$ cat coords.pdb   # PDB, C-alpha atoms
ATOM      1  CA  MET A 254       6.164 -32.995   3.863
ATOM      2  CA  VAL A 255       3.862 -33.519   0.903
ATOM      3  CA  LEU A 256       0.249 -32.771   1.698
ATOM      4  CA  ASP A 257      -2.882 -33.663  -0.211
ATOM      5  CA  HIS A 258      -3.492 -30.873  -2.701
ATOM      6  CA  GLU A 259      -7.020 -30.343  -1.395
ATOM      7  CA  ILE A 260      -5.688 -29.074   1.936
ATOM      8  CA  GLY A 261      -3.840 -25.777   2.184
ATOM      9  CA  ARG A 262      -0.473 -25.918   3.935
ATOM     10  CA  ARG A 263      -1.653 -23.412   6.534
ATOM     11  CA  ASP A 264      -3.867 -26.120   8.007
ATOM     12  CA  PHE A 265      -0.773 -27.983   9.154
ATOM     13  CA  VAL A 266       2.389 -25.874   9.082
ATOM     14  CA  ARG A 267       1.232 -23.751  12.023
ATOM     15  CA  LEU A 268       0.969 -26.835  14.208
ATOM     16  CA  ILE A 269       3.508 -26.397  16.983
ATOM     17  CA  THR A 270       3.471 -28.663  20.007
ATOM     18  CA  LEU A 271       5.422 -28.754  23.234
ATOM     19  CA  GLY A 272       7.546 -31.774  24.023
ATOM     20  CA  THR A 273       8.216 -33.058  27.495
ATOM     21  CA  THR A 274      11.189 -30.716  27.810
ATOM     22  CA  GLY A 275       9.143 -27.699  26.778
ATOM     23  CA  ALA A 276      11.000 -27.253  23.488
ATOM     24  CA  ALA A 277       8.958 -26.214  20.480
ATOM     25  CA  LEU A 278       8.599 -29.037  17.948
ATOM     26  CA  SER A 279       7.456 -28.940  14.353
ATOM     27  CA  PRO A 280       5.222 -31.805  13.178
ATOM     28  CA  SER A 281       8.058 -33.514  11.291
ATOM     29  CA  THR A 282      10.387 -33.227  14.294
ATOM     30  CA  LEU A 283       7.687 -34.569  16.576
ATOM     31  CA  ILE A 284       7.169 -37.622  14.357
ATOM     32  CA  ALA A 285      10.913 -38.277  14.218
ATOM     33  CA  GLN A 286      11.173 -38.010  17.983
ATOM     34  CA  GLN A 287       8.333 -40.489  18.452
ATOM     35  CA  SER A 288      10.262 -43.163  16.577
ATOM     36  CA  THR A 289      13.407 -42.981  18.697
ATOM     37  CA  ILE A 290      14.224 -45.505  21.367
ATOM     38  CA  GLN A 291      14.124 -42.770  24.040
ATOM     39  CA  THR A 292      10.431 -42.200  23.409
ATOM     40  CA  PRO A 293       8.376 -43.336  26.416
ATOM     41  CA  PRO A 294       5.807 -46.131  25.913
ATOM     42  CA  ILE A 295       2.959 -43.625  26.239
ATOM     43  CA  GLN A 296       3.248 -39.917  25.482
ATOM     44  CA  THR A 297       0.711 -37.219  26.144
ATOM     45  CA  ILE A 298       1.276 -33.867  24.484
ATOM     46  CA  VAL A 299      -0.788 -30.764  25.143
ATOM     47  CA  VAL A 300      -1.145 -28.522  22.107
ATOM     48  CA  PRO A 301      -1.247 -24.995  23.590
ATOM     49  CA  LEU A 302      -3.927 -22.482  22.807
ATOM     50  CA  GLY A 303      -3.494 -20.901  19.397
ATOM     51  CA  LYS A 304      -0.873 -23.353  18.150
ATOM     52  CA  TRP A 305      -3.180 -25.029  15.667
ATOM     53  CA  VAL A 306      -5.058 -23.125  12.970
ATOM     54  CA  ASP A 307      -8.176 -21.209  13.960
ATOM     55  CA  GLU A 308      -6.695 -20.702  17.449
ATOM     56  CA  ASN A 309      -7.249 -24.399  18.018
ATOM     57  CA  HIS A 310      -5.664 -26.512  20.739
ATOM     58  CA  GLY A 311      -5.758 -30.149  21.649
ATOM     59  CA  PHE A 312      -4.364 -33.188  23.377
ATOM     60  CA  ILE A 313      -2.331 -35.965  21.713
ATOM     61  CA  THR A 314      -1.818 -39.464  23.091
ATOM     62  CA  ILE A 315       0.718 -41.767  21.426
ATOM     63  CA  ALA A 316       1.262 -45.337  22.639
ATOM     64  CA  GLN A 317       3.813 -47.759  21.227
ATOM     65  CA  ALA A 318       2.565 -51.178  20.168
ATOM     66  CA  GLY A 319       3.449 -53.837  22.695
ATOM     67  CA  ARG A 320       4.425 -51.305  25.361
ATOM     68  CA  TYR A 321       0.988 -50.338  26.616
ATOM     69  CA  ARG A 322      -2.061 -52.149  27.933
ATOM     70  CA  ALA A 323      -5.546 -50.854  27.189
ATOM     71  CA  ASP A 324      -8.777 -51.405  29.057
ATOM     72  CA  VAL A 325     -12.326 -50.337  28.266
ATOM     73  CA  VAL A 326     -14.111 -49.346  31.468
ATOM     74  CA  THR A 327     -17.569 -48.046  32.278
ATOM     75  CA  GLY A 328     -18.903 -45.840  35.019
ATOM     76  CA  GLU A 329     -21.286 -48.648  35.899
ATOM     77  CA  GLU A 330     -18.563 -51.207  36.610
ATOM     78  CA  LEU A 331     -16.593 -48.688  38.673
ATOM     79  CA  THR A 332     -19.522 -47.667  40.869
ATOM     80  CA  GLY A 333     -22.088 -50.457  40.614
ATOM     81  CA  ILE A 334     -24.668 -47.868  39.556
ATOM     82  CA  LYS A 335     -26.495 -48.722  36.334
ATOM     83  CA  ASP A 336     -25.823 -46.366  33.423
ATOM     84  CA  TYR A 337     -23.472 -44.268  35.546
ATOM     85  CA  PHE A 338     -21.854 -41.339  33.710
ATOM     86  CA  GLU A 339     -18.587 -39.654  34.754
ATOM     87  CA  THR A 340     -15.748 -37.455  33.456
ATOM     88  CA  THR A 341     -12.404 -38.713  32.203
ATOM     89  CA  GLN A 342     -10.666 -36.876  35.052
ATOM     90  CA  TRP A 343     -12.659 -38.697  37.704
ATOM     91  CA  VAL A 344     -12.159 -42.070  36.037
ATOM     92  CA  ARG A 345      -8.410 -41.668  35.520
ATOM     93  CA  ASP A 346      -7.933 -40.723  39.168
ATOM     94  CA  LYS A 347     -10.163 -43.621  40.229
ATOM     95  CA  ILE A 348      -8.363 -46.354  38.284
ATOM     96  CA  GLY A 349      -4.819 -44.954  38.202
ATOM     97  CA  ALA A 350      -4.304 -45.341  34.443
ATOM     98  CA  TYR A 351      -1.533 -43.419  32.708
ATOM     99  CA  VAL A 352      -4.103 -41.704  30.495
ATOM    100  CA  CYS A 353      -7.859 -41.965  30.082
ATOM    101  CA  PHE A 354     -10.012 -40.628  27.259
ATOM    102  CA  ASN A 355     -13.689 -40.828  26.453
ATOM    103  CA  GLY A 356     -15.101 -43.950  24.885
ATOM    104  CA  SER A 357     -17.767 -44.105  22.250
ATOM    105  CA  LEU A 358     -21.384 -43.551  21.581
ATOM    106  CA  PHE A 359     -24.391 -43.057  23.813
ATOM    107  CA  ARG A 360     -27.988 -42.070  23.383
ATOM    108  CA  ASN A 361     -29.898 -39.231  25.017
ATOM    109  CA  LYS A 362     -27.198 -38.843  27.684
ATOM    110  CA  ASP A 363     -28.708 -41.683  29.667
ATOM    111  CA  ALA A 364     -27.152 -44.926  28.414
ATOM    112  CA  ALA A 365     -24.432 -46.302  26.172
ATOM    113  CA  SER A 366     -25.402 -47.171  22.606
ATOM    114  CA  GLY A 367     -24.078 -49.813  20.255
ATOM    115  CA  LEU A 368     -21.971 -52.903  20.741
ATOM    116  CA  GLU A 369     -20.220 -53.287  24.074
ATOM    117  CA  ILE A 370     -18.166 -56.295  25.107
ATOM    118  CA  HIS A 371     -16.390 -56.545  28.455
ATOM    119  CA  ASN A 372     -14.111 -59.405  29.448
ATOM    120  CA  GLY A 373     -15.264 -61.375  26.433
ATOM    121  CA  LYS A 374     -18.951 -61.105  27.307
ATOM    122  CA  GLU A 375     -21.428 -59.048  25.301
ATOM    123  CA  LYS A 376     -23.109 -56.438  27.495
ATOM    124  CA  MET A 377     -24.899 -54.567  24.709
ATOM    125  CA  PRO A 378     -25.663 -55.794  21.166
ATOM    126  CA  TYR A 379     -24.505 -54.395  17.858
ATOM    127  CA  VAL A 380     -26.803 -51.596  16.669
ATOM    128  CA  GLN A 381     -26.994 -51.042  12.927
ATOM    129  CA  GLY A 382     -26.462 -47.412  11.981
ATOM    130  CA  VAL A 383     -24.775 -46.378  15.230
ATOM    131  CA  GLY A 384     -21.264 -46.842  13.845
ATOM    132  CA  ASP A 385     -19.644 -48.864  11.081
ATOM    133  CA  GLY A 386     -16.520 -49.834  13.009
ATOM    134  CA  VAL A 387     -15.488 -51.463  16.246
ATOM    135  CA  LEU A 388     -12.599 -50.724  18.577
ATOM    136  CA  PHE A 389     -11.564 -53.717  20.637
ATOM    137  CA  THR A 390      -8.797 -54.917  22.906
ATOM    138  CA  ASP A 391      -7.337 -58.384  22.577
ATOM    139  CA  LYS A 392      -6.256 -60.627  25.421
ATOM    140  CA  ASN A 393      -2.928 -58.779  25.589
ATOM    141  CA  GLY A 394      -4.574 -55.372  25.969
ATOM    142  CA  GLN A 395      -3.643 -54.121  22.501
ATOM    143  CA  ILE A 396      -6.204 -51.997  20.631
ATOM    144  CA  HIS A 397      -7.500 -52.959  17.180
ATOM    145  CA  ILE A 398     -10.000 -51.138  14.945
ATOM    146  CA  ILE A 399     -11.868 -52.998  12.182
ATOM    147  CA  PRO A 400     -15.133 -52.709  10.224
ATOM    148  CA  ILE A 401     -17.887 -53.981  12.453
ATOM    149  CA  ASP A 402     -19.361 -56.275   9.800
ATOM    150  CA  ILE A 403     -16.193 -58.388  10.020
ATOM    151  CA  LEU A 404     -16.826 -58.903  13.708
ATOM    152  CA  VAL A 405     -20.564 -59.581  13.517
ATOM    153  CA  ARG A 406     -20.328 -61.825  10.438
ATOM    154  CA  ASP A 407     -19.250 -64.726  12.591
ATOM    155  CA  PHE A 408     -19.398 -64.410  16.347
ATOM    156  CA  LYS A 409     -16.871 -67.253  16.682
ATOM    157  CA  ILE A 410     -14.259 -64.833  15.365
ATOM    158  CA  ARG A 411     -14.251 -63.172  18.766
ATOM    159  CA  ASP A 412     -12.617 -66.220  20.313
ATOM    160  CA  GLY A 413     -10.573 -67.108  17.258
ATOM    161  CA  LYS A 414      -8.658 -64.733  15.042
ATOM    162  CA  TYR A 415      -9.298 -61.550  17.020
ATOM    163  CA  ARG A 416      -9.570 -62.818  20.604
ATOM    164  CA  VAL A 417     -11.832 -59.935  21.606
ATOM    165  CA  ASN A 418     -11.681 -58.925  25.249
ATOM    166  CA  ASP A 419     -13.396 -55.495  25.353
ATOM    167  CA  ALA A 420     -15.123 -53.721  22.463
ATOM    168  CA  LEU A 421     -16.957 -50.515  21.603
ATOM    169  CA  GLN A 422     -18.815 -49.571  18.431
ATOM    170  CA  LEU A 423     -17.463 -46.438  16.720
ATOM    171  CA  ASN A 424     -17.420 -44.512  13.443
ATOM    172  CA  LEU A 425     -14.735 -45.711  11.025
ATOM    173  CA  LEU A 426     -13.300 -42.906   8.869
ATOM    174  CA  HIS A 427     -10.379 -44.562   7.105
ATOM    175  CA  TYR A 428      -9.412 -48.210   6.756
ATOM    176  CA  ASN A 429      -6.187 -49.339   5.065
ATOM    177  CA  GLY A 430      -6.236 -46.797   2.255
ATOM    178  CA  GLN A 431      -9.999 -46.537   1.843
ATOM    179  CA  ARG A 432     -11.866 -43.434   2.992
ATOM    180  CA  LEU A 433     -15.206 -44.406   4.462
ATOM    181  CA  TYR A 434     -16.967 -41.045   4.470
ATOM    182  CA  ALA A 435     -17.861 -38.473   1.818
ATOM    183  CA  GLU A 436     -15.480 -35.510   1.636
ATOM    184  CA  ASN A 437     -16.849 -32.503   3.502
ATOM    185  CA  GLU A 438     -20.001 -34.350   4.529
ATOM    186  CA  ASN A 439     -19.489 -33.077   8.047
ATOM    187  CA  ASP A 440     -17.862 -29.676   7.714
ATOM    188  CA  LYS A 441     -19.028 -28.398  11.068
ATOM    189  CA  LYS A 442     -15.981 -27.782  13.228
ATOM    190  CA  ILE A 443     -16.570 -29.009  16.748
ATOM    191  CA  PRO A 444     -14.511 -30.860  19.360
ATOM    192  CA  ARG A 445     -13.585 -34.302  18.059
ATOM    193  CA  ASN A 446     -11.865 -37.367  19.419
ATOM    194  CA  LEU A 447     -10.146 -39.253  16.589
ATOM    195  CA  ILE A 448      -8.253 -42.460  17.223
ATOM    196  CA  GLY A 449      -5.926 -44.217  14.810
ATOM    197  CA  LEU A 450      -3.441 -47.027  14.315
ATOM    198  CA  THR A 451      -0.208 -46.904  12.327
ATOM    199  CA  LYS A 452       1.015 -49.753  10.143
ATOM    200  CA  ASP A 453       3.297 -50.735  13.031
ATOM    201  CA  GLY A 454       0.326 -50.929  15.381
ATOM    202  CA  ASN A 455       1.113 -47.782  17.355
ATOM    203  CA  LEU A 456      -1.947 -46.077  18.822
ATOM    204  CA  VAL A 457      -2.651 -42.375  18.286
ATOM    205  CA  ASP A 458      -5.553 -40.517  19.885
ATOM    206  CA  VAL A 459      -6.070 -36.802  19.288
ATOM    207  CA  ILE A 460      -8.614 -34.564  20.996
ATOM    208  CA  PHE A 461      -9.265 -31.730  18.538
ATOM    209  CA  LYS A 462     -11.119 -28.758  19.965
ATOM    210  CA  ASN A 463     -12.199 -27.427  16.583
ATOM    211  CA  THR A 464     -12.114 -29.604  13.481
ATOM    212  CA  ASN A 465     -14.209 -31.661  11.067
ATOM    213  CA  PHE A 466     -13.824 -35.214   9.810
ATOM    214  CA  THR A 467     -12.092 -34.176   6.584
ATOM    215  CA  LEU A 468      -9.283 -32.195   8.196
ATOM    216  CA  GLY A 469      -9.069 -34.449  11.222
ATOM    217  CA  ASP A 470      -8.749 -37.631   9.183
ATOM    218  CA  ARG A 471      -6.028 -36.147   7.000
ATOM    219  CA  TYR A 472      -4.130 -34.859   9.990
ATOM    220  CA  MET A 473      -4.153 -38.330  11.551
ATOM    221  CA  ARG A 474      -2.904 -39.958   8.349
ATOM    222  CA  GLN A 475      -0.375 -37.358   7.238
ATOM    223  CA  GLN A 476       1.094 -36.201  10.528
ATOM    224  CA  HIS A 477       0.917 -39.462  12.472
ATOM    225  CA  ARG A 478       0.968 -41.986   9.593
ATOM    226  CA  CYS A 479      -2.244 -43.678  10.693
ATOM    227  CA  VAL A 480      -3.556 -46.277   8.254
ATOM    228  CA  ILE A 481      -6.770 -46.737  10.242
ATOM    229  CA  VAL A 482      -8.749 -43.803  11.675
ATOM    230  CA  GLY A 483     -11.899 -43.931  13.754
ATOM    231  CA  ALA A 484     -14.037 -41.350  15.534
ATOM    232  CA  LEU A 485     -15.113 -41.712  19.147
ATOM    233  CA  ASP A 486     -17.893 -39.573  20.564
ATOM    234  CA  GLY A 487     -17.182 -35.877  20.010
ATOM    235  CA  ASP A 488     -18.343 -32.414  21.008
ATOM    236  CA  THR A 489     -18.234 -31.801  24.774
ATOM    237  CA  SER A 490     -17.706 -35.497  25.520
ATOM    238  CA  ALA A 491     -14.330 -35.452  23.706
ATOM    239  CA  SER A 492     -11.858 -35.282  26.579
ATOM    240  CA  ALA A 493      -8.637 -36.783  27.943
ATOM    241  CA  PHE A 494      -6.745 -36.641  31.223
ATOM    242  CA  ASP A 495      -3.358 -38.109  32.153
ATOM    243  CA  VAL A 496      -1.251 -39.074  35.149
ATOM    244  CA  LYS A 497       0.548 -35.712  35.068
ATOM    245  CA  ARG A 498      -2.886 -34.111  35.422
ATOM    246  CA  GLN A 499      -2.644 -32.653  31.959
ATOM    247  CA  SER A 500      -6.088 -32.246  30.456
ATOM    248  CA  SER A 501      -7.647 -31.572  27.076
ATOM    249  CA  TYR A 502      -9.993 -29.203  28.862
ATOM    250  CA  ILE A 503      -8.994 -25.560  29.412
ATOM    251  CA  GLU A 504     -11.065 -23.912  32.106
ATOM    252  CA  GLY A 505     -12.608 -20.666  30.943
ATOM    253  CA  ARG A 506     -11.917 -21.512  27.312
ATOM    254  CA  ASP A 507     -13.825 -24.713  26.642
ATOM    255  CA  ALA A 508     -17.334 -25.765  27.436
ATOM    256  CA  PRO A 509     -17.053 -27.998  30.519
ATOM    257  CA  GLU A 510     -16.622 -31.643  29.571
ATOM    258  CA  ILE A 511     -19.750 -33.646  30.067
ATOM    259  CA  LYS A 512     -19.952 -37.001  31.796
ATOM    260  CA  VAL A 513     -19.980 -40.091  29.571
ATOM    261  CA  PRO A 514     -20.698 -43.810  30.122
ATOM    262  CA  ASN A 515     -17.525 -45.493  28.859
ATOM    263  CA  PHE A 516     -13.796 -44.819  28.727
ATOM    264  CA  ILE A 517     -10.568 -46.099  27.207
ATOM    265  CA  ALA A 518      -7.709 -46.360  29.683
ATOM    266  CA  LEU A 519      -4.047 -46.868  28.797
ATOM    267  CA  TYR A 520      -1.405 -48.259  31.162
ATOM    268  CA  ARG A 521       2.345 -48.538  30.644
ATOM    269  CA  ARG A 522       3.632 -52.096  30.682
TER     270      ARG A 522
END

$ encode --input "coords.pdb" --output "structure tokens"
Amino acid sequence: MVLDHEIGRRDFVRLITLGTTGAALSPSTLIAQQSTIQTPPIQTIVVPLGKWVDENHGFITIAQAGRYRADVVTGEELTGIKDYFETTQWVRDKIGAYVCFNGSLFRNKDAASGLEIHNGKEKMPYVQGVGDGVLFTDKNGQIHIIPIDILVRDFKIRDGKYRVNDALQLNLLHYNGQRLYAENENDKKIPRNLIGLTKDGNLVDVIFKNTNFTLGDRYMRQQHRCVIVGALDGDTSASAFDVKRQSSYIEGRDAPEIKVPNFIALYRR
């Protein structure tokens, strides 16, 4: 695999993940396996401790276009309590999704921040400077990620071309060949939740426990062939939990995941 010359090969060649059978897979083998007809509609893969560089570990979710249904949910709609925060584990168990991971931005740990649309109705307005992209589900439950100015330019577009059902404002890192951040502008390595789409519309979400935007963005594009990459809320809110009770959180190793206001849930069709 040809890597960008700016990134040393050690940042990727030590990536070993475990498949559903427990066999060790190299990145190229993993990608090949994902494209086969035997691949389940939604995969969750735990990257064991120490299998990424810097003793990193993580959690990968891969969902095939047309074979999953996504829903954006909030703690408030699940409990009826305004601005209710919860963990991804609690939410996944509550709603019975195949996998659940944290949604996007919030302010001061007391309320969501930025655009939120649920069932076609705007619950919170667009906030300039919070994030330059928007993740939304269409009427079929498929996830799309676009620059937010496209969405806010004409509100009629929500019912027309894009048929927006649910939406969250997020940071957009890469969009169809254009990098939307300055290289190394955020070199601090912390837990991150990066979400991307391939040219075929497959969804990839990766919880990194120790990376920055530069390395994370390149990993998403080079290892998973994402043409669009966005960043959901990171640090201790970056978390995922699946139906097999696999978690991105390792007790005793990671700081306990904090509760957040919104979540992205994936269901198999």

$ atom_distance --input "coords.pdb" --atom1 "atom CA of A:Asn418" --atom2 "atom CA of A:His371"
6.2 Å

$ closest_residue --input "coords.pdb" --among "A:Thr390, A:Gln291, A:Gln381, A:Gln499" --to "A:Ala518" --atoms "all atoms listed in the file"
A:Thr390

$ closest_atom_pairs --input "coords.pdb" --of "stretch 350-430 of chain A" --to "stretch 451-473 of chain A" --cutoff "9 Å" --atoms "all atoms listed in the file" --output "CSV"
residue,atom,partner,partner_atom,distance
A:Phe354,CA,A:Asp458,CA,8.6
A:Gln395,CA,A:Gly454,CA,8.8
A:Ile396,CA,A:Leu456,CA,7.5
A:His397,CA,A:Gly454,CA,8.3
A:Leu426,CA,A:Asp470,CA,7.0
A:His427,CA,A:Asp470,CA,7.4
A:Asn429,CA,A:Lys452,CA,8.8

$ resolve_selection --input "coords.pdb" --expression "the PyMOL selection byres ((chain A and resi 517) around 7)" --output "PDB file with C-alpha atoms, in the coordinates of the input"
ATOM      1  CA  ALA A 323      -5.546 -50.854  27.189  1.00  0.00           C
ATOM      2  CA  ASP A 324      -8.777 -51.405  29.057  1.00  0.00           C
ATOM      3  CA  VAL A 325     -12.326 -50.337  28.266  1.00  0.00           C
ATOM      4  CA  VAL A 326     -14.111 -49.346  31.468  1.00  0.00           C
ATOM      5  CA  CYS A 353      -7.859 -41.965  30.082  1.00  0.00           C
ATOM      6  CA  PHE A 354     -10.012 -40.628  27.259  1.00  0.00           C
ATOM      7  CA  ASN A 355     -13.689 -40.828  26.453  1.00  0.00           C
ATOM      8  CA  GLY A 356     -15.101 -43.950  24.885  1.00  0.00           C
ATOM      9  CA  PHE A 516     -13.796 -44.819  28.727  1.00  0.00           C
ATOM     10  CA  ALA A 518      -7.709 -46.360  29.683  1.00  0.00           C
ATOM     11  CA  LEU A 519      -4.047 -46.868  28.797  1.00  0.00           C
TER      12      LEU A 519
END

$ resolve_selection --input "coords.pdb" --expression "the PyMOL selection byres ((chain A and resi 367) around 6)" --output "list in words"
Ser366, Leu368, Tyr379, Val380 and Gln422 of chain A

$ atom_distance --input "coords.pdb" --atom1 "atom CA of A:Leu447" --atom2 "atom CA of A:Cys479"
10.8 Å

$ closest_residue --input "coords.pdb" --among "A:Leu433, A:Ile370, A:Leu358, A:Leu485" --to "A:Arg445" --atoms "only C-alpha atoms"
A:Leu485

$ closest_residue --input "coords.pdb" --among "A:Asp391, A:Gly386, A:Met377, A:Arg345" --to "A:Gly319" --atoms "only C-alpha atoms"
A:Asp391

$ resolve_selection --input "coords.pdb" --expression "the PyMOL selection byres ((chain A and resi 420) around 6)" --output "number ranges by chain"
A: 369-370, 388-389, 419, 421

$ atom_distance --input "coords.pdb" --atom1 "atom CA of A:Asp402" --atom2 "atom CA of A:Val417"
14.5 Å

$ closest_residue --input "coords.pdb" --among "A:Arg506, A:Arg320, A:Glu375, A:Lys512" --to "A:Gly303" --atoms "all atoms listed in the file"
A:Arg506

$ closest_residue --input "coords.pdb" --among "A:Asp488, A:Asp385, A:Gln476, A:Asp336" --to "A:Lys442" --atoms "only C-alpha atoms"
A:Asp488

$ closest_residue --input "coords.pdb" --among "A:Ile315, A:Leu331, A:Ile448, A:Ala435" --to "A:Asn515" --atoms "all atoms listed in the file"
A:Leu331

$ residues_around --input "coords.pdb" --residues "A:Val513" --least-positions-apart "5" --cutoff "7 Å" --atoms "only C-alpha atoms" --output "short mmCIF file (atom, residue, chain, number, x, y, z; two decimals) with C-alpha atoms, in the coordinates of the input"
data_model
loop_
_atom_site.label_atom_id
_atom_site.label_comp_id
_atom_site.auth_asym_id
_atom_site.auth_seq_id
_atom_site.Cartn_x
_atom_site.Cartn_y
_atom_site.Cartn_z
CA PHE A 338 -21.85 -41.34 33.71
CA GLU A 339 -18.59 -39.65 34.75
CA THR A 340 -15.75 -37.46 33.46
CA SER A 490 -17.71 -35.50 25.52
#

$ build_atoms --input "coords.pdb" --residues "stretch 494-514 of chain A" --atoms "N, CA and C atoms" --output "compact mmCIF listing (two decimals), keeping the file's coordinate frame"
# COMPACT_ATOMS: atom_id res chain seq x y z
N PHE A 494 -7.38 -37.06 29.97
CA PHE A 494 -6.74 -36.64 31.22
C PHE A 494 -5.65 -37.65 31.54
N ASP A 495 -4.46 -37.17 31.94
CA ASP A 495 -3.36 -38.11 32.15
C ASP A 495 -2.81 -38.06 33.57
N VAL A 496 -1.81 -38.91 33.82
CA VAL A 496 -1.25 -39.07 35.15
C VAL A 496 -0.56 -37.80 35.64
N LYS A 497 -0.09 -36.98 34.71
CA LYS A 497 0.55 -35.71 35.07
C LYS A 497 -0.48 -34.61 35.29
N ARG A 498 -1.75 -35.02 35.26
CA ARG A 498 -2.89 -34.11 35.42
C ARG A 498 -2.95 -33.07 34.30
N GLN A 499 -2.43 -33.45 33.16
CA GLN A 499 -2.64 -32.65 31.96
C GLN A 499 -4.01 -33.02 31.39
N SER A 500 -4.73 -32.02 30.91
CA SER A 500 -6.09 -32.25 30.46
C SER A 500 -6.31 -31.61 29.10
N SER A 501 -7.25 -32.19 28.34
CA SER A 501 -7.65 -31.57 27.08
C SER A 501 -8.61 -30.41 27.30
N TYR A 502 -9.02 -30.24 28.52
CA TYR A 502 -9.99 -29.20 28.86
C TYR A 502 -9.28 -27.98 29.45
N ILE A 503 -9.54 -26.81 28.90
CA ILE A 503 -8.99 -25.56 29.41
C ILE A 503 -10.12 -24.77 30.07
N GLU A 504 -10.02 -24.61 31.37
CA GLU A 504 -11.06 -23.91 32.11
C GLU A 504 -11.17 -22.46 31.64
N GLY A 505 -12.38 -22.02 31.40
CA GLY A 505 -12.61 -20.67 30.94
C GLY A 505 -12.56 -20.52 29.43
N ARG A 506 -12.02 -21.55 28.77
CA ARG A 506 -11.92 -21.51 27.31
C ARG A 506 -12.91 -22.48 26.66
N ASP A 507 -12.98 -23.69 27.22
CA ASP A 507 -13.82 -24.71 26.64
C ASP A 507 -15.12 -24.86 27.42
N ALA A 508 -16.13 -25.36 26.72
CA ALA A 508 -17.33 -25.76 27.44
C ALA A 508 -16.95 -26.92 28.35
N PRO A 509 -17.43 -26.92 29.59
CA PRO A 509 -17.05 -28.00 30.52
C PRO A 509 -17.36 -29.37 29.92
N GLU A 510 -16.41 -30.31 30.11
CA GLU A 510 -16.62 -31.64 29.57
C GLU A 510 -17.81 -32.29 30.27
N ILE A 511 -18.60 -32.97 29.49
CA ILE A 511 -19.75 -33.65 30.07
C ILE A 511 -19.36 -35.06 30.51
N LYS A 512 -20.19 -35.64 31.34
CA LYS A 512 -19.95 -37.00 31.80
C LYS A 512 -20.42 -37.99 30.74
N VAL A 513 -19.67 -39.09 30.59
CA VAL A 513 -19.98 -40.09 29.57
C VAL A 513 -19.99 -41.48 30.21
N PRO A 514 -20.53 -42.49 29.50
CA PRO A 514 -20.70 -43.81 30.12
C PRO A 514 -19.50 -44.74 30.03
